[in-house]
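Asker: Following this line is coords18.pdb, made up of PDB, C-alpha atoms:
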```
ATOM      1  CA  MET D 433      81.834  12.466  55.125
ATOM      2  CA  LYS D 434      81.661   8.901  53.801
ATOM      3  CA  HIS D 435      81.043  10.276  50.287
ATOM      4  CA  LEU D 436      84.146  12.477  50.527
ATOM      5  CA  ILE D 437      86.247   9.535  51.742
ATOM      6  CA  LEU D 438      84.940   7.323  48.931
ATOM      7  CA  THR D 439      85.712  10.011  46.343
ATOM      8  CA  ALA D 440      89.239  10.491  47.686
ATOM      9  CA  VAL D 441      89.906   6.740  47.634
ATOM     10  CA  LEU D 442      88.611   6.327  44.091
ATOM     11  CA  VAL D 443      90.478   9.301  42.643
ATOM     12  CA  SER D 444      93.672   8.339  44.501
ATOM     13  CA  GLY D 445      93.392   4.788  43.230
ATOM     14  CA  LEU D 446      92.984   5.915  39.636
ATOM     15  CA  THR D 447      95.914   8.310  40.024
ATOM     16  CA  LEU D 448      98.141   5.526  41.335
ATOM     17  CA  LEU D 449      96.975   3.263  38.506
ATOM     18  CA  ALA D 450      97.876   5.871  35.903
ATOM     19  CA  ALA D 451     101.217   6.539  37.593
ATOM     20  CA  SER D 452     102.148   2.854  37.736
ATOM     21  CA  GLY D 453     101.299   2.454  34.049
ATOM     22  CA  THR D 454     103.460   5.437  33.156
ATOM     23  CA  LYS D 455     106.396   4.016  35.139
ATOM     24  CA  ALA D 456     105.977   0.621  33.495
ATOM     25  CA  GLN D 457     106.101   2.080  29.996
ATOM     26  CA  GLN D 458     109.137   4.184  30.882
ATOM     27  CA  ASP D 459     110.988   1.145  32.254
ATOM     28  CA  SER D 460     110.168  -1.018  29.258
ATOM     29  CA  LEU D 461     111.011   1.627  26.654
ATOM     30  CA  LYS D 462     114.206   3.219  27.978
ATOM     31  CA  ARG D 463     115.985   5.705  25.761
ATOM     32  CA  LYS D 464     112.810   6.074  23.649
ATOM     33  CA  LYS D 465     111.205   9.432  23.067
ATOM     34  CA  PHE D 466     107.804  10.090  24.587
ATOM     35  CA  ASP D 467     105.320  12.814  23.896
ATOM     36  CA  ILE D 468     103.476  14.662  26.668
ATOM     37  CA  ASN D 469     100.261  15.922  25.090
ATOM     38  CA  TYR D 470      98.762  18.871  26.942
ATOM     39  CA  GLY D 471      95.620  19.411  24.800
ATOM     40  CA  LEU D 472      92.662  19.246  27.197
ATOM     41  CA  GLY D 473      94.838  17.701  29.889
ATOM     42  CA  VAL D 474      98.114  15.863  30.306
ATOM     43  CA  THR D 475      98.536  12.433  28.742
ATOM     44  CA  ILE D 476     101.727  10.421  28.613
ATOM     45  CA  GLY D 477     102.650   7.546  26.362
ATOM     46  CA  GLU D 478     102.866   8.549  22.706
ATOM     47  CA  LYS D 479     106.181   7.154  21.469
ATOM     48  CA  ARG D 480     107.877   9.051  18.632
ATOM     49  CA  ASP D 481     110.326   7.793  16.034
ATOM     50  CA  SER D 482     113.597   9.410  14.955
ATOM     51  CA  THR D 483     111.771  11.884  12.722
ATOM     52  CA  GLY D 484     109.629  13.151  15.592
ATOM     53  CA  LYS D 485     106.408  11.474  14.385
ATOM     54  CA  ILE D 486     104.277   9.301  16.655
ATOM     55  CA  ASP D 487     104.916   5.627  15.989
ATOM     56  CA  GLN D 488     101.404   4.263  15.277
ATOM     57  CA  SER D 489     102.529   0.736  14.417
ATOM     58  CA  LYS D 490     103.310  -0.445  17.965
ATOM     59  CA  GLY D 491     101.196  -0.838  21.065
ATOM     60  CA  ARG D 492     101.765   1.520  23.968
ATOM     61  CA  PHE D 493     100.344   2.509  27.316
ATOM     62  CA  VAL D 494      98.557   5.847  27.502
ATOM     63  CA  GLY D 495      97.256   7.624  30.543
ATOM     64  CA  GLY D 496      97.353  10.515  32.940
ATOM     65  CA  ILE D 497      95.317  13.545  33.959
ATOM     66  CA  THR D 498      92.798  14.647  31.363
ATOM     67  CA  PHE D 499      89.885  17.070  31.201
ATOM     68  CA  THR D 500      87.992  15.614  28.291
ATOM     69  CA  ARG D 501      84.854  13.769  27.157
ATOM     70  CA  PHE D 502      82.655  16.582  28.419
ATOM     71  CA  ASP D 503      79.101  15.252  28.046
ATOM     72  CA  ILE D 504      76.155  17.632  28.076
ATOM     73  CA  GLY D 505      72.619  16.622  27.212
ATOM     74  CA  PHE D 506      69.193  15.552  28.430
ATOM     75  CA  SER D 507      68.058  12.920  30.919
ATOM     76  CA  ARG D 508      64.910  10.831  30.760
ATOM     77  CA  LEU D 509      63.225   8.593  33.342
ATOM     78  CA  ILE D 510      62.043   5.168  32.195
ATOM     79  CA  ASP D 511      59.295   3.696  34.361
ATOM     80  CA  ASN D 512      59.265  -0.086  33.857
ATOM     81  CA  GLY D 513      59.971   0.295  30.149
ATOM     82  CA  SER D 514      57.792   3.351  29.554
ATOM     83  CA  PHE D 515      58.674   7.031  29.230
ATOM     84  CA  SER D 516      55.323   7.803  30.915
ATOM     85  CA  LEU D 517      55.469   7.813  34.699
ATOM     86  CA  SER D 518      53.180   5.499  36.647
ATOM     87  CA  PRO D 519      50.762   6.940  39.261
ATOM     88  CA  ALA D 520      53.225   5.945  42.012
ATOM     89  CA  ASN D 521      55.926   8.066  40.395
ATOM     90  CA  ASP D 522      53.799  10.883  39.013
ATOM     91  CA  PHE D 523      55.154  13.279  41.666
ATOM     92  CA  LEU D 524      58.462  13.086  39.715
ATOM     93  CA  ALA D 525      56.861  14.595  36.596
ATOM     94  CA  TYR D 526      59.537  16.773  35.030
ATOM     95  CA  LYS D 527      60.184  19.393  32.372
ATOM     96  CA  GLY D 528      61.953  17.499  29.616
ATOM     97  CA  ALA D 529      63.710  20.501  28.088
ATOM     98  CA  LYS D 530      65.231  21.428  31.459
ATOM     99  CA  THR D 531      66.074  17.946  32.764
ATOM    100  CA  SER D 532      69.739  17.545  31.955
ATOM    101  CA  THR D 533      72.994  15.700  32.469
ATOM    102  CA  VAL D 534      76.610  16.833  32.657
ATOM    103  CA  SER D 535      79.710  14.684  33.052
ATOM    104  CA  PHE D 536      83.437  14.742  32.346
ATOM    105  CA  ASP D 537      86.558  12.656  32.960
ATOM    106  CA  VAL D 538      89.618  13.757  34.908
ATOM    107  CA  LEU D 539      91.805  10.623  34.706
ATOM    108  CA  GLN D 540      92.367   7.859  32.213
ATOM    109  CA  PHE D 541      94.674   4.886  31.797
ATOM    110  CA  GLY D 542      94.724   2.354  28.981
ATOM    111  CA  TYR D 543      96.533   0.676  26.144
ATOM    112  CA  ARG D 544      96.518   1.607  22.473
ATOM    113  CA  PHE D 545      97.035  -1.530  20.418
ATOM    114  CA  ASN D 546      97.391   0.370  17.157
ATOM    115  CA  SER D 547      96.186   3.509  15.424
ATOM    116  CA  ASN D 548      92.611   2.194  15.238
ATOM    117  CA  PHE D 549      91.931   0.465  18.572
ATOM    118  CA  LYS D 550      92.328   1.462  22.221
ATOM    119  CA  ILE D 551      91.007   0.198  25.574
ATOM    120  CA  TYR D 552      91.041   2.478  28.595
ATOM    121  CA  VAL D 553      89.497   2.997  32.020
ATOM    122  CA  ALA D 554      88.649   6.532  33.117
ATOM    123  CA  GLY D 555      87.421   8.343  36.189
ATOM    124  CA  GLY D 556      85.282  11.440  36.497
ATOM    125  CA  PHE D 557      82.055  12.987  37.715
ATOM    126  CA  ASP D 558      78.436  12.823  36.580
ATOM    127  CA  TRP D 559      75.379  14.944  37.433
ATOM    128  CA  THR D 560      71.694  14.305  36.658
ATOM    129  CA  MET D 561      69.390  17.298  37.194
ATOM    130  CA  ILE D 562      65.623  16.755  37.176
ATOM    131  CA  ARG D 563      63.492  19.907  36.855
ATOM    132  CA  LEU D 564      60.283  18.992  38.668
ATOM    133  CA  LYS D 565      56.952  20.321  37.413
ATOM    134  CA  LYS D 566      55.062  20.144  40.689
ATOM    135  CA  ASP D 567      55.336  22.351  43.755
ATOM    136  CA  ILE D 568      56.604  19.655  46.086
ATOM    137  CA  THR D 569      59.594  19.107  48.350
ATOM    138  CA  ILE D 570      61.346  15.751  48.335
ATOM    139  CA  GLN D 571      61.877  14.663  51.933
ATOM    140  CA  SER D 572      65.276  13.722  53.388
ATOM    141  CA  ASN D 573      66.157  10.908  55.804
ATOM    142  CA  THR D 574      63.200   8.707  54.895
ATOM    143  CA  PRO D 575      63.221   4.919  54.298
ATOM    144  CA  ASP D 576      61.554   5.388  50.899
ATOM    145  CA  LEU D 577      61.409   8.328  48.492
ATOM    146  CA  THR D 578      58.631  10.616  49.774
ATOM    147  CA  TYR D 579      57.492  14.211  49.301
ATOM    148  CA  ILE D 580      55.140  16.867  50.632
ATOM    149  CA  ASN D 581      52.934  19.241  48.637
ATOM    150  CA  GLU D 582      53.810  22.889  49.149
ATOM    151  CA  PRO D 583      51.340  25.814  49.342
ATOM    152  CA  ILE D 584      53.624  28.020  47.264
ATOM    153  CA  MET D 585      54.790  28.143  43.649
ATOM    154  CA  PHE D 586      58.429  27.440  42.824
ATOM    155  CA  SER D 587      60.036  29.179  39.862
ATOM    156  CA  LYS D 588      62.708  26.466  40.053
ATOM    157  CA  ASN D 589      62.422  23.054  41.703
ATOM    158  CA  ARG D 590      65.441  20.954  40.816
ATOM    159  CA  PHE D 591      66.126  17.446  42.132
ATOM    160  CA  SER D 592      69.623  16.221  41.304
ATOM    161  CA  SER D 593      72.230  13.555  41.976
ATOM    162  CA  SER D 594      76.006  13.482  41.586
ATOM    163  CA  TYR D 595      78.184  10.409  41.107
ATOM    164  CA  VAL D 596      81.811   9.467  40.706
ATOM    165  CA  HIS D 597      81.803   7.401  37.523
ATOM    166  CA  ILE D 598      84.332   4.881  36.216
ATOM    167  CA  PRO D 599      83.810   3.868  32.567
ATOM    168  CA  LEU D 600      85.698   1.121  30.741
ATOM    169  CA  ASN D 601      85.798   2.187  27.094
ATOM    170  CA  PHE D 602      86.595   0.403  23.851
ATOM    171  CA  GLU D 603      87.541   2.866  21.124
ATOM    172  CA  LEU D 604      87.510   2.181  17.401
ATOM    173  CA  ARG D 605      88.601   4.886  14.971
ATOM    174  CA  THR D 606      89.257   5.219  11.270
ATOM    175  CA  LYS D 607      92.422   6.349   9.572
ATOM    176  CA  GLU D 608      93.045  10.071   9.444
ATOM    177  CA  ASN D 609      91.694  11.922   6.424
ATOM    178  CA  ARG D 610      93.766  14.479   4.535
ATOM    179  CA  ASN D 611      92.989  17.083   7.213
ATOM    180  CA  GLY D 612      94.104  14.806  10.055
ATOM    181  CA  ASN D 613      90.554  14.091  11.333
ATOM    182  CA  ARG D 614      88.909  10.728  12.125
ATOM    183  CA  PHE D 615      85.581   9.064  12.850
ATOM    184  CA  TYR D 616      85.219   7.411  16.281
ATOM    185  CA  VAL D 617      83.026   4.759  17.862
ATOM    186  CA  VAL D 618      83.407   4.392  21.636
ATOM    187  CA  PHE D 619      81.404   2.004  23.821
ATOM    188  CA  GLY D 620      81.629   0.126  27.094
ATOM    189  CA  PRO D 621      80.276  -0.453  30.602
ATOM    190  CA  GLU D 622      80.273   2.132  33.376
ATOM    191  CA  VAL D 623      79.838   2.044  37.150
ATOM    192  CA  GLY D 624      79.094   4.926  39.481
ATOM    193  CA  PHE D 625      79.220   5.661  43.222
ATOM    194  CA  LEU D 626      76.845   8.198  44.739
ATOM    195  CA  LEU D 627      78.306  11.406  46.141
ATOM    196  CA  ASN D 628      75.043  13.071  47.146
ATOM    197  CA  GLY D 629      71.592  14.185  46.154
ATOM    198  CA  LYS D 630      70.346  17.745  46.242
ATOM    199  CA  VAL D 631      67.127  19.739  46.125
ATOM    200  CA  LYS D 632      67.362  23.353  44.922
ATOM    201  CA  GLN D 633      64.274  25.548  45.053
ATOM    202  CA  ILE D 634      63.545  29.174  44.232
ATOM    203  CA  SER D 635      60.319  30.939  45.207
ATOM    204  CA  ASP D 636      59.156  34.466  46.013
ATOM    205  CA  GLU D 637      58.139  33.420  49.514
ATOM    206  CA  ARG D 638      61.312  31.580  50.544
ATOM    207  CA  GLY D 639      63.938  32.832  48.135
ATOM    208  CA  LYS D 640      66.683  30.371  47.197
ATOM    209  CA  GLN D 641      66.954  27.144  49.201
ATOM    210  CA  LYS D 642      69.290  24.156  48.932
ATOM    211  CA  PHE D 643      69.060  20.814  50.741
ATOM    212  CA  LYS D 644      71.473  17.872  50.543
ATOM    213  CA  ASP D 645      70.843  14.221  51.339
ATOM    214  CA  ASP D 646      71.196  10.882  49.570
ATOM    215  CA  TYR D 647      67.415  11.042  48.849
ATOM    216  CA  ASN D 648      67.370   7.266  48.311
ATOM    217  CA  PHE D 649      69.373   7.507  45.083
ATOM    218  CA  ALA D 650      71.055   4.185  44.333
ATOM    219  CA  PRO D 651      74.429   4.193  46.140
ATOM    220  CA  PHE D 652      75.908   2.142  43.298
ATOM    221  CA  ARG D 653      74.793   2.126  39.685
ATOM    222  CA  TYR D 654      75.901   0.396  36.520
ATOM    223  CA  GLY D 655      75.142   0.751  32.858
ATOM    224  CA  GLY D 656      76.702   1.431  29.486
ATOM    225  CA  THR D 657      77.739   4.269  27.186
ATOM    226  CA  PHE D 658      77.861   4.548  23.399
ATOM    227  CA  ARG D 659      79.448   7.391  21.427
ATOM    228  CA  VAL D 660      79.880   8.051  17.729
ATOM    229  CA  GLY D 661      81.750  11.092  16.568
ATOM    230  CA  PHE D 662      84.106  12.899  14.272
ATOM    231  CA  ASN D 663      87.334  14.533  15.407
ATOM    232  CA  SER D 664      86.584  16.048  18.863
ATOM    233  CA  LEU D 665      82.760  16.136  18.650
ATOM    234  CA  ALA D 666      80.414  13.182  19.218
ATOM    235  CA  LEU D 667      76.877  12.121  20.055
ATOM    236  CA  PHE D 668      76.419   9.954  23.146
ATOM    237  CA  ALA D 669      73.770   7.813  24.816
ATOM    238  CA  LYS D 670      73.908   6.318  28.316
ATOM    239  CA  TYR D 671      71.616   3.790  29.956
ATOM    240  CA  TYR D 672      71.738   2.701  33.589
ATOM    241  CA  ALA D 673      70.535  -0.847  34.062
ATOM    242  CA  ASN D 674      69.761  -0.798  37.775
ATOM    243  CA  ASP D 675      67.008   1.183  39.486
ATOM    244  CA  MET D 676      67.554   4.900  39.916
ATOM    245  CA  PHE D 677      66.379   4.836  43.563
ATOM    246  CA  ASP D 678      66.932   2.432  46.428
ATOM    247  CA  SER D 679      63.248   2.738  47.276
ATOM    248  CA  ALA D 680      60.618  -0.007  46.972
ATOM    249  CA  PRO D 681      57.811   2.186  45.490
ATOM    250  CA  GLN D 682      60.213   3.256  42.716
ATOM    251  CA  LYS D 683      61.197  -0.268  41.712
ATOM    252  CA  GLY D 684      61.741  -0.419  37.937
ATOM    253  CA  LEU D 685      62.362   3.328  37.554
ATOM    254  CA  LYS D 686      65.560   3.774  35.553
ATOM    255  CA  ASN D 687      67.525   6.601  33.989
ATOM    256  CA  MET D 688      68.984   7.258  30.548
ATOM    257  CA  SER D 689      70.643  10.263  28.947
ATOM    258  CA  PHE D 690      71.743  11.486  25.527
ATOM    259  CA  GLY D 691      73.456  14.511  24.040
ATOM    260  CA  ILE D 692      76.792  15.695  22.687
ATOM    261  CA  THR D 693      80.360  14.984  23.760
ATOM    262  CA  LEU D 694      83.006  17.701  23.470
ATOM    263  CA  GLY D 695      86.700  16.884  23.529
ATOM    264  CA  LEU D 696      86.444  13.243  22.491
ATOM    265  CA  ASN D 697      89.852  11.665  23.174
TER
END
```
Would you give me this structure, written as structure tokens?
Answerer:
Amino acid sequence: MKHLILTAVLVSGLTLLAASGTKAQQDSLKRKKFDINYGLGVTIGEKRDSTGKIDQSKGRFVGGITFTRFDIGFSRLIDNGSFSLSPANDFLAYKGAKTSTVSFDVLQFGYRFNSNFKIYVAGGFDWTMIRLKKDITIQSNTPDLTYINEPIMFSKNRFSSSYVHIPLNFELRTKENRNGNRFYVVFGPEVGFLLNGKVKQISDERGKQKFKDDYNFAPFRYGGTFRVGFNSLALFAKYYANDMFDSAPQKGLKNMSFGITLGLN
């Protein structure tokens, strides 16, 4: 319940922030034409001149509901600076090709200073899905991250977390080429608030099972994101600076991810 309340507060706050920015730009630019861009969502704030073209020479607020920056890629655990897990964390050994991340933004609000530079804050959701190699079950409601060995073989043993994330992004982009496309560089810090953790297992003996708990995932995390791309496609990398788990035996175990971004905006 507390996770649902936190999510509602965060999303409502971002919605109000975007709405207040939209009202401010409407009040300050009365009788000006604005463009509502539906693309992958709804964004408000592109001012057009008398010819119907977007005026790129002046700063303007931009923001609204958006379904963009869809990140899909791989996650990796870093154990005190090493990609090899220590004996204390060996039970988290995972299949690299099936350990993944997915995230996307649903709100954004910012200010475009000119055609080449924009700052904006966004809000969305982020999942990390670890495909465990070993036939274990991570235990819920324990003071530290613990597990039990199982006498059966799992065809799937996935250990995952979901977060509400709030990135602050700085966007640099080139001028449009003759086809109207650009190169982008986007970077900035990001914070996240835990929604829940989940274990999903499939076996012949037990069928499909799902269990939810916080599983000692860090309730708050912070890190940074870097993207470089062309038009609406980019490569991204994310690194979370604090520990992945709020569990003493896992001190120094961190998380990073990398992959492609679709719908860069």
Asker: Measure the distance from atom CA of D:Ser593 to atom CA of D:Gly695 in Å and round it to one decimal.
Answerer: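 Between atom CA of D:Ser593 and atom CA of D:Gly695 the gap is 23.7 Å.
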Asker: Counting all atoms listed in the file, which residues of stretch 640-683 of chain D sit at most 7 Å from some atom of stretch 623-626 of chain D, and what is each one's closest atom pair with its distance in Å to one decimal, listed by chain and rising residue number, as a tab-separated table?
Answerer:
```
residue	atom	partner	partner_atom	distance
D:Pro651	CA	D:Leu626	CA	4.9
D:Phe652	CA	D:Phe625	CA	4.8
D:Arg653	CA	D:Gly624	CA	5.1
D:Tyr654	CA	D:Val623	CA	4.3
D:Gly655	CA	D:Val623	CA	6.5
```
Asker: Determine the residue set returned by the PyMOL selection byres ((chain D and resi 622) around 10) for the present structure, and present it as a list in words.
Answerer: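 Expected selection for the PyMOL selection byres ((chain D and resi 622) around 10) here is Val553, Ala554, Gly555, His597, Ile598, Pro599, Leu600, Asn601, Phe619, Gly620, Pro621, Val623, Gly624, Arg653, Tyr654, Gly655, Gly656, Thr657, Lys670, Tyr671 and Tyr672 of chain D.
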Asker: Ranking D:Ile580, D:Leu524, D:Val494, D:Ile568 by minimum distance to D:Arg544 and counting all atoms listed in the file, which one comes first?
Answerer: D:Val494
Asker: Which residue out of D:Thr560, D:Asn611, D:Asn663, D:Gln641 has the minimum interatomic distance to D:Thr693 when all atoms listed in the file are used?
Answerer: D:Asn663
Asker: Can you list, as a PyMOL selection string, the residues that the PyMOL selection byres ((chain D and resi 500) around 9) selects here?
Answerer: chain D and resi 472-473+498-499+501-503+536-539+693-697
Asker: Using all atoms of stretch 560-570 of chain D that appear in the file, construct an axis-aligned enclosing box with 6 Å of padding on every side and provide its centre coordinates and edge lengths in Å, rounded to one decimal, as lines of an AutoDock Vina configuration file.
Answerer:
```
center_x = 63.4
center_y = 18.3
center_z = 42.5
size_x = 28.6
size_y = 20.0
size_z = 23.7
```
Asker: Identify, on the basis of all atoms listed in the file, every residue whose closest approach to D:Tyr647 does not exceed 10 Å; exclude the query and any residue fewer than 3 positions from it along the same chain; express the result as a list in words.
Answerer: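 My list of contacting residues is Ile570, Gln571, Ser572, Asn573, Thr574, Pro575, Asp576, Leu577, Thr578, Phe591, Ser592, Ser593, Asn628, Gly629, Lys630, Val631, Lys644, Ala650, Phe677, Asp678 and Ser679 of chain D.
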Asker: For the selection just defined, write its residues with C-alpha atoms to a file, as a PDB file, in the coordinates of the input.
Answerer:
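Dumped everything to part_38.pdb:
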```
ATOM      1  CA  ILE D 570      61.346  15.751  48.335  1.00  0.00           C
ATOM      2  CA  GLN D 571      61.877  14.663  51.933  1.00  0.00           C
ATOM      3  CA  SER D 572      65.276  13.722  53.388  1.00  0.00           C
ATOM      4  CA  ASN D 573      66.157  10.908  55.804  1.00  0.00           C
ATOM      5  CA  THR D 574      63.200   8.707  54.895  1.00  0.00           C
ATOM      6  CA  PRO D 575      63.221   4.919  54.298  1.00  0.00           C
ATOM      7  CA  ASP D 576      61.554   5.388  50.899  1.00  0.00           C
ATOM      8  CA  LEU D 577      61.409   8.328  48.492  1.00  0.00           C
ATOM      9  CA  THR D 578      58.631  10.616  49.774  1.00  0.00           C
ATOM     10  CA  PHE D 591      66.126  17.446  42.132  1.00  0.00           C
ATOM     11  CA  SER D 592      69.623  16.221  41.304  1.00  0.00           C
ATOM     12  CA  SER D 593      72.230  13.555  41.976  1.00  0.00           C
ATOM     13  CA  ASN D 628      75.043  13.071  47.146  1.00  0.00           C
ATOM     14  CA  GLY D 629      71.592  14.185  46.154  1.00  0.00           C
ATOM     15  CA  LYS D 630      70.346  17.745  46.242  1.00  0.00           C
ATOM     16  CA  VAL D 631      67.127  19.739  46.125  1.00  0.00           C
ATOM     17  CA  LYS D 644      71.473  17.872  50.543  1.00  0.00           C
ATOM     18  CA  ALA D 650      71.055   4.185  44.333  1.00  0.00           C
ATOM     19  CA  PHE D 677      66.379   4.836  43.563  1.00  0.00           C
ATOM     20  CA  ASP D 678      66.932   2.432  46.428  1.00  0.00           C
ATOM     21  CA  SER D 679      63.248   2.738  47.276  1.00  0.00           C
TER      22      SER D 679
END
```
Asker: Run the PyMOL selection byres ((chain D and resi 638) around 12) on the file and write out the hits as a list in words.
Answerer: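 Selection result, ordered by chain and number: Glu582, Pro583, Ile584, Met585, Phe586, Ser587, Lys588, Lys632, Gln633, Ile634, Ser635, Asp636, Glu637, Gly639, Lys640, Gln641 and Lys642 of chain D.
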Asker: Can you pull out every residue within 10 Å of D:Asp522, counting only C-alpha atoms, but drop anything in the same chain fewer than 5 positions away, and send it as a PyMOL selection string?
Answerer: chain D and resi 516-517+566
Asker: Write out as a list in words the residues lying within 7 Å of D:Leu509, counting only C-alpha atoms and excluding same-chain residues fewer than 3 positions away.
Answerer: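 With the cut-off at 7 Å, the set is Phe515, Leu685, Lys686, Asn687 and Met688 of chain D.
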Asker: Tell me which of D:Leu604, D:Ser547, D:Ile692, D:Phe523 sits closest to D:Asp567, counting only C-alpha atoms.
Answerer: D:Phe523
Asker: Which of these residues is nearest to D:Lys565, using all atoms listed in the file: D:Asn546, D:Gln540, D:Thr531, D:Asn512?
Answerer: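 Of the candidates, the smallest distance to D:Lys565 is held by D:Thr531.
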Asker: Give me, please, the distance in Å between atom CA of D:Ser514 and atom CA of D:Thr569, quoted to one decimal.
Answerer: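 If I compute the distance from atom CA of D:Ser514 to atom CA of D:Thr569, I get 24.6 Å.
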Asker: Reconstruct stretch 614-621 of chain D at the level of all heavy atoms, and format the result as an mmCIF file, keeping the file's coordinate frame.
Answerer:
```cif
data_model
loop_
_atom_site.group_PDB
_atom_site.id
_atom_site.type_symbol
_atom_site.label_atom_id
_atom_site.label_comp_id
_atom_site.auth_asym_id
_atom_site.auth_seq_id
_atom_site.Cartn_x
_atom_site.Cartn_y
_atom_site.Cartn_z
ATOM 1 N N ARG D 614 89.342 12.130 12.144
ATOM 2 C CA ARG D 614 88.909 10.728 12.125
ATOM 3 C C ARG D 614 87.451 10.612 12.582
ATOM 4 O O ARG D 614 86.931 11.477 13.279
ATOM 5 C CB ARG D 614 89.740 9.887 13.100
ATOM 6 C CG ARG D 614 91.240 9.946 12.974
ATOM 7 C CD ARG D 614 91.862 9.191 14.140
ATOM 8 N NE ARG D 614 93.310 9.303 14.209
ATOM 9 C CZ ARG D 614 94.159 8.401 13.733
ATOM 10 N NH1 ARG D 614 93.678 7.315 13.143
ATOM 11 N NH2 ARG D 614 95.465 8.557 13.856
ATOM 12 N N PHE D 615 86.840 9.479 12.255
ATOM 13 C CA PHE D 615 85.581 9.064 12.850
ATOM 14 C C PHE D 615 85.879 8.123 14.018
ATOM 15 O O PHE D 615 86.829 7.336 13.963
ATOM 16 C CB PHE D 615 84.691 8.342 11.823
ATOM 17 C CG PHE D 615 84.037 9.274 10.842
ATOM 18 C CD1 PHE D 615 84.592 9.464 9.577
ATOM 19 C CD2 PHE D 615 82.880 9.958 11.176
ATOM 20 C CE1 PHE D 615 83.997 10.321 8.672
ATOM 21 C CE2 PHE D 615 82.273 10.822 10.270
ATOM 22 C CZ PHE D 615 82.836 10.999 9.013
ATOM 23 N N TYR D 616 85.045 8.225 15.088
ATOM 24 C CA TYR D 616 85.219 7.411 16.281
ATOM 25 C C TYR D 616 83.937 6.650 16.610
ATOM 26 O O TYR D 616 82.831 7.153 16.410
ATOM 27 C CB TYR D 616 85.527 8.284 17.498
ATOM 28 C CG TYR D 616 86.876 8.948 17.519
ATOM 29 C CD1 TYR D 616 87.133 10.089 16.770
ATOM 30 C CD2 TYR D 616 87.893 8.453 18.331
ATOM 31 C CE1 TYR D 616 88.373 10.717 16.807
ATOM 32 C CE2 TYR D 616 89.136 9.077 18.380
ATOM 33 C CZ TYR D 616 89.367 10.203 17.630
ATOM 34 O OH TYR D 616 90.594 10.824 17.676
ATOM 35 N N VAL D 617 84.095 5.464 17.174
ATOM 36 C CA VAL D 617 83.026 4.759 17.862
ATOM 37 C C VAL D 617 83.596 4.322 19.205
ATOM 38 O O VAL D 617 84.645 3.664 19.252
ATOM 39 C CB VAL D 617 82.510 3.535 17.082
ATOM 40 C CG1 VAL D 617 81.504 2.762 17.928
ATOM 41 C CG2 VAL D 617 81.878 3.964 15.768
ATOM 42 N N VAL D 618 82.945 4.716 20.290
ATOM 43 C CA VAL D 618 83.407 4.392 21.636
ATOM 44 C C VAL D 618 82.238 3.784 22.402
ATOM 45 O O VAL D 618 81.131 4.330 22.399
ATOM 46 C CB VAL D 618 83.918 5.649 22.370
ATOM 47 C CG1 VAL D 618 84.440 5.281 23.755
ATOM 48 C CG2 VAL D 618 85.005 6.351 21.561
ATOM 49 N N PHE D 619 82.476 2.661 23.074
ATOM 50 C CA PHE D 619 81.404 2.004 23.821
ATOM 51 C C PHE D 619 82.005 1.229 24.987
ATOM 52 O O PHE D 619 83.195 0.908 24.993
ATOM 53 C CB PHE D 619 80.609 1.060 22.913
ATOM 54 C CG PHE D 619 81.444 -0.018 22.274
ATOM 55 C CD1 PHE D 619 81.579 -1.267 22.875
ATOM 56 C CD2 PHE D 619 82.105 0.211 21.077
ATOM 57 C CE1 PHE D 619 82.355 -2.253 22.287
ATOM 58 C CE2 PHE D 619 82.884 -0.772 20.473
ATOM 59 C CZ PHE D 619 83.007 -2.002 21.086
ATOM 60 N N GLY D 620 81.164 0.925 25.981
ATOM 61 C CA GLY D 620 81.629 0.126 27.094
ATOM 62 C C GLY D 620 80.775 0.295 28.334
ATOM 63 O O GLY D 620 79.892 1.160 28.392
ATOM 64 N N PRO D 621 81.029 -0.533 29.347
ATOM 65 C CA PRO D 621 80.276 -0.453 30.602
ATOM 66 C C PRO D 621 80.767 0.678 31.482
ATOM 67 O O PRO D 621 81.864 1.204 31.300
ATOM 68 C CB PRO D 621 80.564 -1.813 31.263
ATOM 69 C CG PRO D 621 81.938 -2.169 30.770
ATOM 70 C CD PRO D 621 82.007 -1.634 29.357
#
```
